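The structure appears right after this line, and notes come after that.
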Amino acid sequence: MLRLRAFRPTNDKILKIQLHPTHPWLVTADASDHVSVWNWEHRQVIYELKAGGIDQRRLVGAKLEKLAEGESEPKGRPIEAMRGGSVKQVSFYDDDVRFWQLWRNRSAAAEAHSGANNVTSSFNSPAPATKGRHFLVICCENKAIFLDLVTMRGRDVPKQDLDNKSLLCMEFLSRSAAGDGPLVAFGGSDGVIRVLSMITWKLVRRYTGGHKGAISCLMTFMASSGEALLVSGASDGLLVLWSADHGQGSRELVPKLSLKAHDGGVLAVELSRVIGGAPQLITIGVDKTLAIWDTISFKELRRIKPVPKLACHSVASWCHPRAPNLDILTCVKDSHIWAIEHPTYSALTRPLCELTSLVPQHVLAPNKKLRVYCMVAHPLQPHLVAAGTNIGVILSEFDSKSLPAVAPLPTPPGLREHSAVYLLERELKLLNFQLSSTANPSLGSNGSLSETGKSRGDSSENLHVKQIKKHISTPVPHDSYSVLSVSSSGRYVAVVWPDIPYFSIYKVGDWSVVDSGSARLLAWDACGDRFALLESALPPRVPVIPKGASSRRAKEAAAVAAQAAAAAATAAPATVQVRILLDDGTSNILMRSIAGRSEPVIGLHGGSLLGVAYRTSRRINPIAATAISTIQSMPLSGFGVGSLSSFPASDDEFSSHKFPAEAAPQNFQLYSWETFQPVGGPLPQPEWTAWDQTVEYCAFAYQKYIVISSLRPQFRYLGDVAIPHATGAVWHRRQLFVATPTTIDFRIVFVDAGVARIDIETRKKREEIRLKEAQARDVAEHGELALITVDNPVTVTNERITLRPPMLQVVRLASFQHAPSVPPFLTLPVHSKVDGEDSAMPKETEERRVNEVAVGGGGVSVAVTRFPMEQKRPVGPLIVVGVRDGVLWLVDRYMSAHALSLSHPGIRCRCLAAYGDAISAVKWASRLGREHHDDLAQFMLGMGYATEALHLPGISKRLEFDLAMQSNDLKRALQCLITMSNSRAIGQENTGLDINDILSLTAVKEDTVDAVQGIVKFAKEFLDLIDAADATGQVDIARESLKRLAAAGSLKGALQGHELRGLALRLANHGELTRLSGLVNNLISAGLGREAAFSAALLGDNVLMEKAWHDTGMLAEGVLHAHAHGRPSLKNLIQVWNKMLQKELESSPAAVKTDAAAAFLASLEEPKLTSLAEAGKKPPIEILPPGMTSLTLSAQRNLVPLAKIPAKPLPLEAPPATTPTTIPSPATQDIAGSPPELNESTLDGKTSVSSPTGNSVESTAPASVDMLVTNLQNTSVPTAESKE
C-alpha cells in the first residue's frame, strides 16, 4: 500500500531516526555512531558528524573560533576532544518543533469527553525560544551535542556537568519558567532525570525517586485536565509520571504516579490521540508486548503481542483517512511495517507494507535480507513514514491524495452555525461548528480592537471555534475507506466505499436511504440532484475449502478464484449510469449508459459538466500532463443550458495550444448533463476538478499545476497556477481556496477572466441576436410595416473596449512553519547607557515593532504588512468547507473544525473586489498601509475595477496615470503627468515680464530645465494621452499635452527621433502651426526629412522645405519639388545631387573585390568597349526630372558623326569636348518611377558632370532648365569601358 518517496543507501544499519515537522530534514544515527542530516526532498546530505568518537573537523573549528574571539589556549583537553560514546537519541529542536509538540499535546487533550461540546481550535503559541536557530541535539553516553544548523556552531555538554552520569535519552520540556529559556531533560543511567537550560547551559533541576534502573525513554504530554506531565520508562519496567509544570524555585521533583508496565524494561512510549476521547499512552517493552494505557485513570486498556516471538522496537500513533481502522504502526526486526487495527478491542495486526518491494533491486544483495531497526511517522504529514534498515533509509508515502470522510452541508441563510456530516466506525455523525467569539468577523463589519490596538481578526493564530458532535441513529454497512459527497441542493449525502464496492445515498433530515447499490465511483451534478455512478459487478465468491483439505488444493482454488475475478474485472463494460433524485425521494435512471470509449472507466468528476476518465494503455507522464497549453477551446452549452453553441467552437487566442500526442494521452472527456453528449474534445486526465457555483470558472488539477479556465461565454483557458500536489479546492466568488499536503501550505487564488476578443465578438453577436428577436416580435405583432424606420442623426461614439488579460494572484494563507525570526547573532543591538541606565529596547517596544497592526488616526487599525502572517495549518489531510462568516472553514482527519481568518485588510479588500463590491474594497483600504495601495490598485485593475481603484488615497502618481487612462479619466491623467513632469508652467503664454520675473530669471531657467527633463522622461505617456484625447474628442486635453511636448521638442536633442515624428504629426493634426515651426529645425537635426518637409509644407515655406531635403540627404525629392514648382534653386540642387552620386560611385568599386573567375565570366557576358564608336552603339542613360520627354532621339540628331572622330587610344584625362554623355548608373533607368539619385557638384558657376572614372567636362552654367538640358544633350563624357 506504500510507495517509495526517497531512498538513501548506507553501509551500516540505521538505529536511530527522526523527522523534522516542517522542513524536509531527516536525521539518522547508524551502528558506527555516525550522525547525518539528510534533505529527503532534494536528496542532499546537509551535515555529517562522527558523534561516537572524536570529530576532527569540529575540534579544529572550535579552536579557530576561540582564537578568533581572543581566548587563550585552554590548559585542559577541550570538550570537543572527548569521545561521545554510543549515540542513544537524535532529535531536532527549534520553534517549529516546540510549537507542534505543544499543539499535539493540547489537541489530544481537547478530545476528551469533558470538552467535546466546546472545543477551541486555537491557543496562544509559545514565545520564540530559539530565535531562528535550528538545533540538532545528539544524546550520547558521555556528552550531549547541540549543533546549530544555521551557523554550524556547536556546544558540547559533558556528563560531568550532569552529575557525571551517562545520558541515555532526552526530551524537550514545553513549559518552562521565564528565565530558564528552552529546557531539555536527560534520562540518566542512575534513574534520575536531569533538566538542562539551553540558555545558561547549567543544571536547573532533577526528577528523583522514581526509577531504580536506567531510564530508557521520556515523553511529555498533557492530561485532559490541562496539566502538563512528563512520563518516563526505565529498565526496571516501571512507567512513572511527573509534573512538567514547575517554577523557578523547584530543584528536586518527586513522581506523581508509578506503575508496572513491562517485564524486563520499557523500550519506548508514544502518545495516541483518540477521536472524542482522552489521549492514550502506548508502550512497548522487552517482553515483546504492546500496552495501551488510559491517561485519566492510568489503567491498562489492552495488551497485545503484535508479532509473535519478535520484540517491537519502534511504535508510532497513526491516523490516515485511507486506512481509518489502523491506529498504530510498529516494526520488528523483519522487512515489514506492521499496523494494528482497532487496538482497543479487535487488535488485529496486519503488514502495512513489505519494504523489500520498494527498494531498488540492485541495492539488496541476493543472499541479504532487509531488516528494519527503527521507524517514525511524520508528525504533521501522516502519509510519510520513514524507516531505518540495514541497507539505508527508506521514506515511503501512503496515498497522499486521500481525504477525510467528511461532507459539509450548506448553511441556511441567517444562521451562524454550520454543519458537516462525517463517518466514524460504521456510524454517521453530525458536526456543528461556529465561531465562539461574540464579534462577527464577516465582511463589512468594522472589526474590533483589543487593548494593544491589534485587530482581533488579524491575529496569526486560528480563531476560537465552538463545535458539537452529534450522533445520527442511522448505521452504515461498512467501516472501510469511504468517500462522502453532497448534492448541489444539500438534501442528499452520498457515501461510496470503493474497496467494497458499494454506495448509499441518504436524505438529510431523517437520514433514510433513498438509493444504494454496487458502485466504485459517484459524481454529482452542480446544477441539480443528478448523479453519475460507475456500476461494478460484485466479485465472485471464493470457494470455501473444507477442513482437512490439503494446502495444494487451497492454493489451486485461490488461483482459480483470482483468475475468475480478473476475468470478470476485464470483461466488465465501462458503463456510466446517470440517475436523478426526485422531490419525493425516489431515484430514477436518466441514462443507463453514456456512449463513450470502449476503455474501462477509472474516474468520474462532477460539476457543471460530467467528466469521465478512461484507462489507457500508455502511462501518463505526470510532468507532461501538467503542460499548461493542453486545454482546448470548446463551446459550453450555449450561453447557459442549451445543447449547442451558437458561436464558433474555438478561440483564436488559445486554439493553437494543442496537447502534443506524445506528451500525455487524451483520456478525459466532458459530457453534458442534459444531452449526455460529449462537449469538446478529449483532454488529459486531471487528478480532481472544481467548478464554480455560478458556472463561471473551473479548475483542473494536475500533479504540478492547476489549470484554470472560464466557462462563459465560451470554454477558454485562462492560465495556470504552479501549486503542486494539490488535494482539493473550493470556489467562492472568483476565489479558489486550495489545500496541499506535501507542500504544507494553504493558498487562495483570485481569478478574473479579463476581456478577450472572443468576449467582444460574443457581446456583438448577442446584441445582433437581441435585435433580430425584437424585429421578429415586431413583425409578428404589427406585420412587415414594423420594419420601416426613419433614420435620425446618430452621433458616432468611439467605444474603447480594452483587451484585458486574465489575472491570477496567489496568496498563501497558512502553513506548518513558524513565523520567521532573525537570529540574534545576525542583528546584535547596540546598547547605549544614559545616566547610568541601560537604554536597551524594552520587551514591550520590541513586540510593538514586530506587531502586525498599527493604530492610525481616529482609532482605526492600519495593517503594516501587505498580507497577513501565515497562520498555522491544521495537521494532516483537510476538507475545505468554504468561506462562511468571513472565515475559511476546514475539517481535519480528527473531525475537528478549524477557521482561518480572512479579516486582514490586504485579504479582505481582495475578497470584496472578487465579490464585485469594489466600493467596499476601497473603503476597507483605509485600514491598509498606504505603501501597499499600489499593489491593491494593481489587483483591482486586473479584476477590471480601474475607476474604483482611482479612489485609493495612497496610490502613486504613475499608477494613478495608468488607472486614469484605463478608466478614460483623461483630465486626471493629464494632471498626473503635469505633476510627475513638473511642467505646470511650461507652455503658458506670458504677455510680459515684471521686475520680479526679471530678477528671478535664474530660478525660472532652472525650473524650465527640470520641466523639460520631466517632459522628456514621460514623452511616451504624453503621446498616449494625446491619442486617447483625440479618440474621445477631448481637444483641450490634447492641446495642453501638445503645449508641453512642443516646448520640449523645440530644444535640440531633447526628444528622440520617433518622439519628434509623433509630435510633428500630432501638431499638424491639431493645426498648431506656430509650435510646429519651432520643431522643423530639430526634425532636420534628427534626420527626419520627410516630417520636416511635411511640416514646412503646412507652413507654406518652400525654402524651409528644400532646406529639410537638402540637409537630410533627400536630394531627389528636392529636385522634384524644385522642378515641379519652377524653383530657382533647381540648379544648385542638381549640382549637389550629382556630386553626392559621384562620391558614391567612386567609393563603390573599391569596396567590391572581384576575383579572376568572376572577371573572366563578366568579360564573356559583356564585351569591352575599346573606342567611342562602340560606345555610341549603346543608348545613353538619361537623368531627367519627371514630366520631361525623352532626349535620346534629339541627342542623337545633335551628335557629331562618329566616323569623323579619329580612332586613337584614350588618355587618362580626356580634354573637354562635345561628346554624348553616358553615365552608367543603373538606378537612373527607372525614369517614370521614384526620382533617381545623382551626384552633383558646383564649381564657380560652371556645371561639371562627373563620370565614374573621374573625367569631367566643364561648360558654362545655363540660365534656365532648358539651357541645362540642352547642355547636357551636347556634352559627352567618355565611359570607363572606352578608356580601356
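Labeling convention for the C-alpha cells: chains A, B, ... as they appear, residues from 1 per chain, ligands from 1 in order of appearance.
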Item checked: Contacts of A:Arg579 at 7 Å (only C-alpha atoms; same-chain gap of 6+ positions) as a ChimeraX atom specification -> /A:530-532,587-591
Which residues of stretch 388-434 of chain A come within 9 Å of stretch 724-733 of chain A, and for each one, what is the closest pair of atoms and their distance in Å to one decimal, counting only C-alpha atoms, sorted by chain and residue number, as CSV?
residue,atom,partner,partner_atom,distance
A:Ser400,CA,A:Thr727,CA,8.0
A:Lys401,CA,A:Thr727,CA,5.5
A:Ser402,CA,A:Thr727,CA,7.8
A:Leu403,CA,A:Thr727,CA,7.8
Next item on the list: Go through stretch 322-526 of chain A and collect every residue that DSSP, computed from the backbone, puts in strand (DSSP E or B); the answer should be as a PyMOL selection string.
Entry: chain A and resi 323+326-331+336-341+348-354+372-377+384-389+392-397+406-409+418-423+427-435+449+455+465-475+483-486+492-497+502-507+513-517+519-525
Notebook entry, point to check: Can you list, as a list of chain:residue names, every protein, DNA or RNA residue that comes within 7 Å of A:Ala386 when you count only C-alpha atoms, leaving out same-chain residues fewer than 4 positions away?
Noted result: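 So the residues in contact are A:Met375, A:Val376, A:Ala377, A:Ile394, A:Leu395, A:Ser396.
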Please write the residues from the selection above to a file, keeping C-alpha atoms, as a PDB file, in the first residue's frame.
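Output file again-v1.pdb is given in full below:
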ATOM      1  CA  MET A 375      10.626   3.626  12.273  1.00  0.00           C
ATOM      2  CA  VAL A 376       8.939   7.029  12.627  1.00  0.00           C
ATOM      3  CA  ALA A 377       5.809   8.627  11.160  1.00  0.00           C
ATOM      4  CA  ILE A 394      13.540   4.340   3.286  1.00  0.00           C
ATOM      5  CA  LEU A 395      10.990   7.137   3.145  1.00  0.00           C
ATOM      6  CA  SER A 396       7.663   5.763   1.959  1.00  0.00           C
TER       7      SER A 396
END
Check: Counting only C-alpha atoms, which of A:Cys331, A:Leu259, A:Ala985, A:Leu355 gets nearest to A:Lys369?
Finding: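 That would be A:Leu355, the residue with the smallest distance to A:Lys369.
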